[in-house]
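Below: model-v2.tsv (TSV, N, CA and C atoms and all ligand atoms)
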chain	number	residue	atom	x	y	z
A	23	MET	N	59.26	-14.19	4.73
A	23	MET	CA	58.01	-13.54	4.35
A	23	MET	C	58.31	-12.16	3.81
A	24	PRO	N	57.77	-11.82	2.60
A	24	PRO	CA	58.05	-10.49	2.04
A	24	PRO	C	57.35	-9.40	2.83
A	25	VAL	N	58.06	-8.31	2.98
A	25	VAL	CA	57.53	-7.19	3.76
A	25	VAL	C	57.65	-5.93	2.91
A	26	PRO	N	56.61	-5.05	2.89
A	26	PRO	CA	56.73	-3.80	2.14
A	26	PRO	C	57.90	-2.96	2.63
A	27	LYS	N	58.62	-2.37	1.64
A	27	LYS	CA	59.83	-1.63	2.00
A	27	LYS	C	59.50	-0.33	2.70
A	28	ARG	N	58.43	0.33	2.22
A	28	ARG	CA	58.06	1.62	2.81
A	28	ARG	C	56.58	1.63	3.21
A	29	LYS	N	56.27	2.52	4.10
A	29	LYS	CA	54.87	2.72	4.52
A	29	LYS	C	54.08	3.31	3.36
A	30	ARG	N	52.86	2.80	3.15
A	30	ARG	CA	51.96	3.43	2.16
A	30	ARG	C	51.28	4.59	2.86
A	31	SER	N	51.49	5.79	2.36
A	31	SER	CA	50.91	6.97	3.02
A	31	SER	C	49.39	7.00	2.83
A	32	HIS	N	48.72	7.75	3.70
A	32	HIS	CA	47.26	7.90	3.60
A	32	HIS	C	46.89	8.48	2.24
A	33	SER	N	47.71	9.40	1.76
A	33	SER	CA	47.44	10.04	0.48
A	33	SER	C	47.45	9.02	-0.66
A	34	ARG	N	48.47	8.16	-0.69
A	34	ARG	CA	48.56	7.17	-1.77
A	34	ARG	C	47.42	6.15	-1.68
A	35	ILE	N	47.05	5.77	-0.47
A	35	ILE	CA	45.94	4.83	-0.31
A	35	ILE	C	44.64	5.47	-0.80
A	36	ALA	N	44.45	6.74	-0.40
A	36	ALA	CA	43.23	7.45	-0.80
A	36	ALA	C	43.16	7.60	-2.31
A	37	LYS	N	44.32	7.90	-2.94
A	37	LYS	CA	44.34	8.05	-4.40
A	37	LYS	C	44.00	6.72	-5.09
A	38	ALA	N	44.51	5.63	-4.52
A	38	ALA	CA	44.23	4.33	-5.11
A	38	ALA	C	42.76	3.98	-4.99
A	39	HIS	N	42.14	4.36	-3.85
A	39	HIS	CA	40.74	4.02	-3.62
A	39	HIS	C	39.78	4.99	-4.27
A	40	ALA	N	40.29	6.11	-4.75
A	40	ALA	CA	39.40	7.17	-5.23
A	40	ALA	C	38.55	6.71	-6.40
A	41	ASN	N	39.10	5.88	-7.29
A	41	ASN	CA	38.38	5.48	-8.51
A	41	ASN	C	37.85	4.06	-8.41
A	42	LYS	N	37.77	3.54	-7.20
A	42	LYS	CA	37.45	2.13	-7.03
A	42	LYS	C	36.01	1.79	-7.41
A	43	GLY	N	35.05	2.58	-6.90
A	43	GLY	CA	33.65	2.20	-7.02
A	43	GLY	C	32.93	2.71	-8.25
A	44	TYR	N	33.60	3.42	-9.10
A	44	TYR	CA	32.90	4.06	-10.20
A	44	TYR	C	33.00	3.22	-11.47
A	45	LYS	N	31.84	2.80	-11.95
A	45	LYS	CA	31.77	2.10	-13.23
A	45	LYS	C	30.72	2.80	-14.07
A	46	ILE	N	30.98	2.92	-15.33
A	46	ILE	CA	29.99	3.49	-16.22
A	46	ILE	C	28.97	2.41	-16.53
A	47	LYS	N	27.70	2.67	-16.16
A	47	LYS	CA	26.66	1.68	-16.36
A	47	LYS	C	26.20	1.69	-17.81
A	48	ALA	N	25.92	0.50	-18.29
A	48	ALA	CA	25.38	0.39	-19.64
A	48	ALA	C	23.92	0.86	-19.65
A	49	PHE	N	23.48	1.41	-20.74
A	49	PHE	CA	22.09	1.80	-20.86
A	49	PHE	C	21.64	1.59	-22.30
A	50	THR	N	20.35	1.43	-22.46
A	50	THR	CA	19.77	1.27	-23.79
A	50	THR	C	18.59	2.20	-23.95
A	51	GLU	N	17.99	2.13	-25.11
A	51	GLU	CA	16.88	3.01	-25.44
A	51	GLU	C	15.61	2.16	-25.53
A	52	CYS	N	14.53	2.68	-25.00
A	52	CYS	CA	13.24	1.98	-25.09
A	52	CYS	C	12.81	1.88	-26.55
A	53	HIS	N	12.33	0.70	-26.96
A	53	HIS	CA	11.89	0.52	-28.35
A	53	HIS	C	10.66	1.35	-28.65
A	54	ASN	N	9.83	1.57	-27.61
A	54	ASN	CA	8.55	2.23	-27.83
A	54	ASN	C	8.65	3.75	-27.72
A	55	CYS	N	9.19	4.25	-26.57
A	55	CYS	CA	9.14	5.69	-26.31
A	55	CYS	C	10.52	6.35	-26.38
A	56	LYS	N	11.57	5.59	-26.68
A	56	LYS	CA	12.92	6.11	-26.89
A	56	LYS	C	13.54	6.75	-25.64
A	57	SER	N	13.00	6.47	-24.45
A	57	SER	CA	13.62	6.99	-23.24
A	57	SER	C	14.78	6.07	-22.83
A	58	VAL	N	15.70	6.59	-22.04
A	58	VAL	CA	16.88	5.84	-21.62
A	58	VAL	C	16.50	4.89	-20.50
A	59	ILE	N	16.83	3.59	-20.68
A	59	ILE	CA	16.48	2.58	-19.67
A	59	ILE	C	17.67	1.66	-19.44
A	60	ASN	N	17.62	0.92	-18.32
A	60	ASN	CA	18.63	-0.10	-18.07
A	60	ASN	C	18.39	-1.28	-19.00
A	61	PRO	N	19.45	-1.94	-19.46
A	61	PRO	CA	19.26	-3.07	-20.36
A	61	PRO	C	18.57	-4.24	-19.66
A	62	HIS	N	17.75	-4.97	-20.41
A	62	HIS	CA	17.02	-6.15	-19.94
A	62	HIS	C	16.00	-5.80	-18.86
A	63	GLN	N	15.49	-4.57	-18.88
A	63	GLN	CA	14.47	-4.19	-17.90
A	63	GLN	C	13.31	-3.49	-18.61
A	64	VAL	N	12.13	-3.61	-17.99
A	64	VAL	CA	10.94	-2.98	-18.55
A	64	VAL	C	11.05	-1.47	-18.42
A	65	CYS	N	10.61	-0.76	-19.44
A	65	CYS	CA	10.64	0.70	-19.42
A	65	CYS	C	9.65	1.20	-18.38
A	66	SER	N	10.12	2.07	-17.48
A	66	SER	CA	9.23	2.59	-16.43
A	66	SER	C	8.35	3.70	-16.95
A	67	GLU	N	8.70	4.28	-18.09
A	67	GLU	CA	7.92	5.39	-18.64
A	67	GLU	C	6.64	4.89	-19.32
A	68	CYS	N	6.78	3.83	-20.13
A	68	CYS	CA	5.63	3.38	-20.91
A	68	CYS	C	5.25	1.93	-20.61
A	69	GLY	N	6.07	1.19	-19.86
A	69	GLY	CA	5.73	-0.18	-19.50
A	69	GLY	C	5.96	-1.20	-20.60
A	70	HIS	N	6.77	-0.88	-21.61
A	70	HIS	CA	7.04	-1.80	-22.71
A	70	HIS	C	8.37	-2.51	-22.49
A	71	TYR	N	8.47	-3.74	-22.98
A	71	TYR	CA	9.73	-4.47	-23.00
A	71	TYR	C	9.86	-5.14	-24.35
A	72	LYS	N	10.89	-4.81	-25.08
A	72	LYS	CA	11.11	-5.32	-26.44
A	72	LYS	C	9.88	-5.09	-27.32
A	73	GLY	N	9.27	-3.91	-27.15
A	73	GLY	CA	8.14	-3.56	-28.00
A	73	GLY	C	6.82	-4.16	-27.59
A	74	VAL	N	6.78	-4.89	-26.46
A	74	VAL	CA	5.54	-5.52	-26.01
A	74	VAL	C	5.11	-4.86	-24.70
A	75	LYS	N	3.82	-4.55	-24.58
A	75	LYS	CA	3.30	-3.92	-23.37
A	75	LYS	C	3.28	-4.95	-22.24
A	76	ILE	N	4.02	-4.65	-21.15
A	76	ILE	CA	4.14	-5.58	-20.03
A	76	ILE	C	3.43	-5.03	-18.80
A	77	LEU	N	3.72	-3.81	-18.45
A	77	LEU	CA	3.24	-3.23	-17.20
A	77	LEU	C	2.30	-2.07	-17.46
A	78	LYS	N	1.41	-1.83	-16.48
A	78	LYS	CA	0.66	-0.58	-16.46
A	78	LYS	C	1.53	0.45	-15.76
A	79	THR	N	1.61	1.63	-16.31
A	79	THR	CA	2.37	2.69	-15.66
A	79	THR	C	1.53	3.30	-14.54
A	80	LYS	N	2.18	4.09	-13.71
A	80	LYS	CA	1.52	4.71	-12.58
A	80	LYS	C	0.35	5.58	-13.05
A	81	MET	N	0.59	6.33	-14.12
A	81	MET	CA	-0.43	7.23	-14.67
A	81	MET	C	-1.63	6.45	-15.17
A	82	GLU	N	-1.36	5.34	-15.86
A	82	GLU	CA	-2.46	4.53	-16.40
A	82	GLU	C	-3.29	3.94	-15.27
A	83	ARG	N	-2.62	3.51	-14.19
A	83	ARG	CA	-3.35	2.97	-13.05
A	83	ARG	C	-4.24	4.03	-12.42
A	84	ALA	N	-3.69	5.25	-12.28
A	84	ALA	CA	-4.46	6.35	-11.71
A	84	ALA	C	-5.67	6.66	-12.58
A	85	MET	N	-5.46	6.63	-13.90
A	85	MET	CA	-6.55	6.92	-14.83
A	85	MET	C	-7.64	5.86	-14.71
A	86	SER	N	-7.24	4.60	-14.66
A	86	SER	CA	-8.23	3.53	-14.60
A	86	SER	C	-9.00	3.60	-13.28
A	87	ARG	N	-8.29	3.92	-12.19
A	87	ARG	CA	-8.97	4.07	-10.90
A	87	ARG	C	-9.98	5.20	-10.95
A	88	GLY	N	-9.57	6.32	-11.53
A	88	GLY	CA	-10.45	7.47	-11.64
A	88	GLY	C	-11.69	7.14	-12.44
A	89	GLU	N	-11.51	6.43	-13.55
A	89	GLU	CA	-12.65	6.04	-14.39
A	89	GLU	C	-13.58	5.09	-13.64
A	90	ALA	N	-12.99	4.16	-12.88
A	90	ALA	CA	-13.79	3.22	-12.12
A	90	ALA	C	-14.61	3.96	-11.07
A	91	ARG	N	-13.97	4.94	-10.43
A	91	ARG	CA	-14.66	5.72	-9.40
A	91	ARG	C	-15.82	6.50	-10.02
A	92	LYS	N	-15.56	7.12	-11.18
A	92	LYS	CA	-16.61	7.90	-11.85
A	92	LYS	C	-17.78	7.01	-12.23
A	93	ALA	N	-17.47	5.81	-12.74
A	93	ALA	CA	-18.53	4.88	-13.14
A	93	ALA	C	-19.35	4.46	-11.92
A	94	LYS	N	-18.67	4.24	-10.79
A	94	LYS	CA	-19.36	3.83	-9.57
A	94	LYS	C	-20.29	4.94	-9.08
A	95	GLU	N	-19.75	6.19	-9.10
A	95	GLU	CA	-20.55	7.33	-8.66
A	95	GLU	C	-21.77	7.52	-9.55
A	96	ALA	N	-21.56	7.37	-10.87
A	96	ALA	CA	-22.67	7.53	-11.81
A	96	ALA	C	-23.73	6.46	-11.55
A	97	HIS	N	-23.29	5.24	-11.28
A	97	HIS	CA	-24.22	4.15	-11.00
A	97	HIS	C	-25.01	4.44	-9.73
A	98	GLN	N	-24.32	4.96	-8.70
A	98	GLN	CA	-24.99	5.29	-7.44
A	98	GLN	C	-26.03	6.39	-7.64
A	99	LYS	N	-25.67	7.39	-8.44
A	99	LYS	CA	-26.62	8.48	-8.71
A	99	LYS	C	-27.87	7.94	-9.41
A	100	GLU	N	-27.63	7.04	-10.39
A	100	GLU	CA	-28.77	6.47	-11.13
A	100	GLU	C	-29.69	5.69	-10.21
A	101	THR	N	-29.08	4.94	-9.29
A	101	THR	CA	-29.89	4.11	-8.41
A	101	THR	C	-30.56	4.93	-7.31
A	102	GLN	N	-29.89	6.00	-6.86
A	102	GLN	CA	-30.43	6.81	-5.76
A	102	GLN	C	-31.46	7.82	-6.23
A	103	ALA	N	-31.32	8.34	-7.43
A	103	ALA	CA	-32.17	9.42	-7.91
A	103	ALA	C	-33.66	9.07	-7.87
A	104	PRO	N	-34.11	7.89	-8.36
A	104	PRO	CA	-35.54	7.57	-8.33
A	104	PRO	C	-36.09	7.48	-6.90
A	105	THR	N	-35.29	6.95	-5.97
A	105	THR	CA	-35.79	6.81	-4.60
A	105	THR	C	-36.01	8.17	-3.97
A	106	VAL	N	-35.10	9.12	-4.24
A	106	VAL	CA	-35.25	10.48	-3.70
A	106	VAL	C	-36.50	11.13	-4.28
A	107	ALA	N	-36.68	10.95	-5.61
A	107	ALA	CA	-37.83	11.54	-6.28
A	107	ALA	C	-39.12	10.95	-5.71
A	108	GLN	N	-39.13	9.65	-5.46
A	108	GLN	CA	-40.32	9.00	-4.91
A	108	GLN	C	-40.62	9.48	-3.49
A	109	GLY	N	-39.55	9.73	-2.73
A	109	GLY	CA	-39.71	10.18	-1.37
A	109	GLY	C	-40.34	11.58	-1.32
A	110	GLN	N	-40.00	12.43	-2.29
A	110	GLN	CA	-40.51	13.79	-2.29
A	110	GLN	C	-41.99	13.83	-2.70
A	111	GLU	N	-42.40	12.86	-3.50
A	111	GLU	CA	-43.77	12.91	-4.01
A	111	GLU	C	-44.83	12.53	-3.01
B	201	ZN	ZN	9.31	3.24	-23.00

Take the structure I supplied and represent it as structure tokens, if you would.
Amino acid sequence: MPVPKRKRSHSRIAKAHANKGYKIKAFTECHNCKSVINPHQVCSECGHYKGVKILKTKMERAMSRGEARKAKEAHQKETQAPTVAQGQE
């Protein structure tokens, strides 16, 4: 059975392992907003994939929620206002 001739020092082992886990990741550019994204993944900035809108972004969701809330409040005001006016009369 072959046996190593000399002990591998901690230093040599550490040097060998130093560059083990590092790989340069590939990246691409979003077709829509030109931000840097991982390949084959939907852009997190604008929600586009290959130029097609796939996802709602966080900002868009917040905006739609806010608009829905405003519409609900406006509807409540419209429905409540006549009853208050009638109560005062
Ligand atoms: Zn994008």

Go through chain A residue by residue and, counting all atoms listed in the file, keep those with an atom at most 6.5 Å from ligand ZN 201 (chain B); for each kept residue give the shortest atom pair and its distance in Å to one decimal, ordered by chain and increasing number, as a tab-separated table.
residue	atom	partner	partner_atom	distance
A:Cys52	CA	B:ZN201	ZN	4.6
A:His53	N	B:ZN201	ZN	5.6
A:Asn54	C	B:ZN201	ZN	4.8
A:Cys55	N	B:ZN201	ZN	3.7
A:Lys56	N	B:ZN201	ZN	4.9
A:Ser57	N	B:ZN201	ZN	5.1
A:Cys65	CA	B:ZN201	ZN	4.6
A:Ser66	N	B:ZN201	ZN	5.7
A:Glu67	C	B:ZN201	ZN	4.8
A:Cys68	N	B:ZN201	ZN	3.9
A:Gly69	N	B:ZN201	ZN	5.0
A:His70	N	B:ZN201	ZN	5.0

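Rounded to one decimal, atom C of Glu51 (chain A) and atom N of Ser86 (chain A) lie 25.4 Å from each other.
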
**Asked** Could you pull out all residues of region 47-107 of chain A with a DSSP call of strand (DSSP E) and give them as a PyMOL selection string?
**Response** chain A and resi 50-51+58-59+70-71+74-75

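Our summary of the geometry notes that atom N of Lys47 (chain A) is positioned 14.5 Å from atom N of Gln63 (chain A).
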
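Each of A:Ile46, A:Val58, A:Ala96, A:Val64 was compared to Lys78 (chain A) using only C-alpha atoms, and A:Val64 turns out to be the nearest.
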
**Complete:** Counting only C-alpha atoms, the residue among A:Lys72, A:Arg30, A:Lys45, A:Lys37 that lies closest to Ile59 (chain A) is A:Lys72

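Interatomic distance, CA of Pro61 (chain A) to CA of Val74 (chain A): 15.0 Å.
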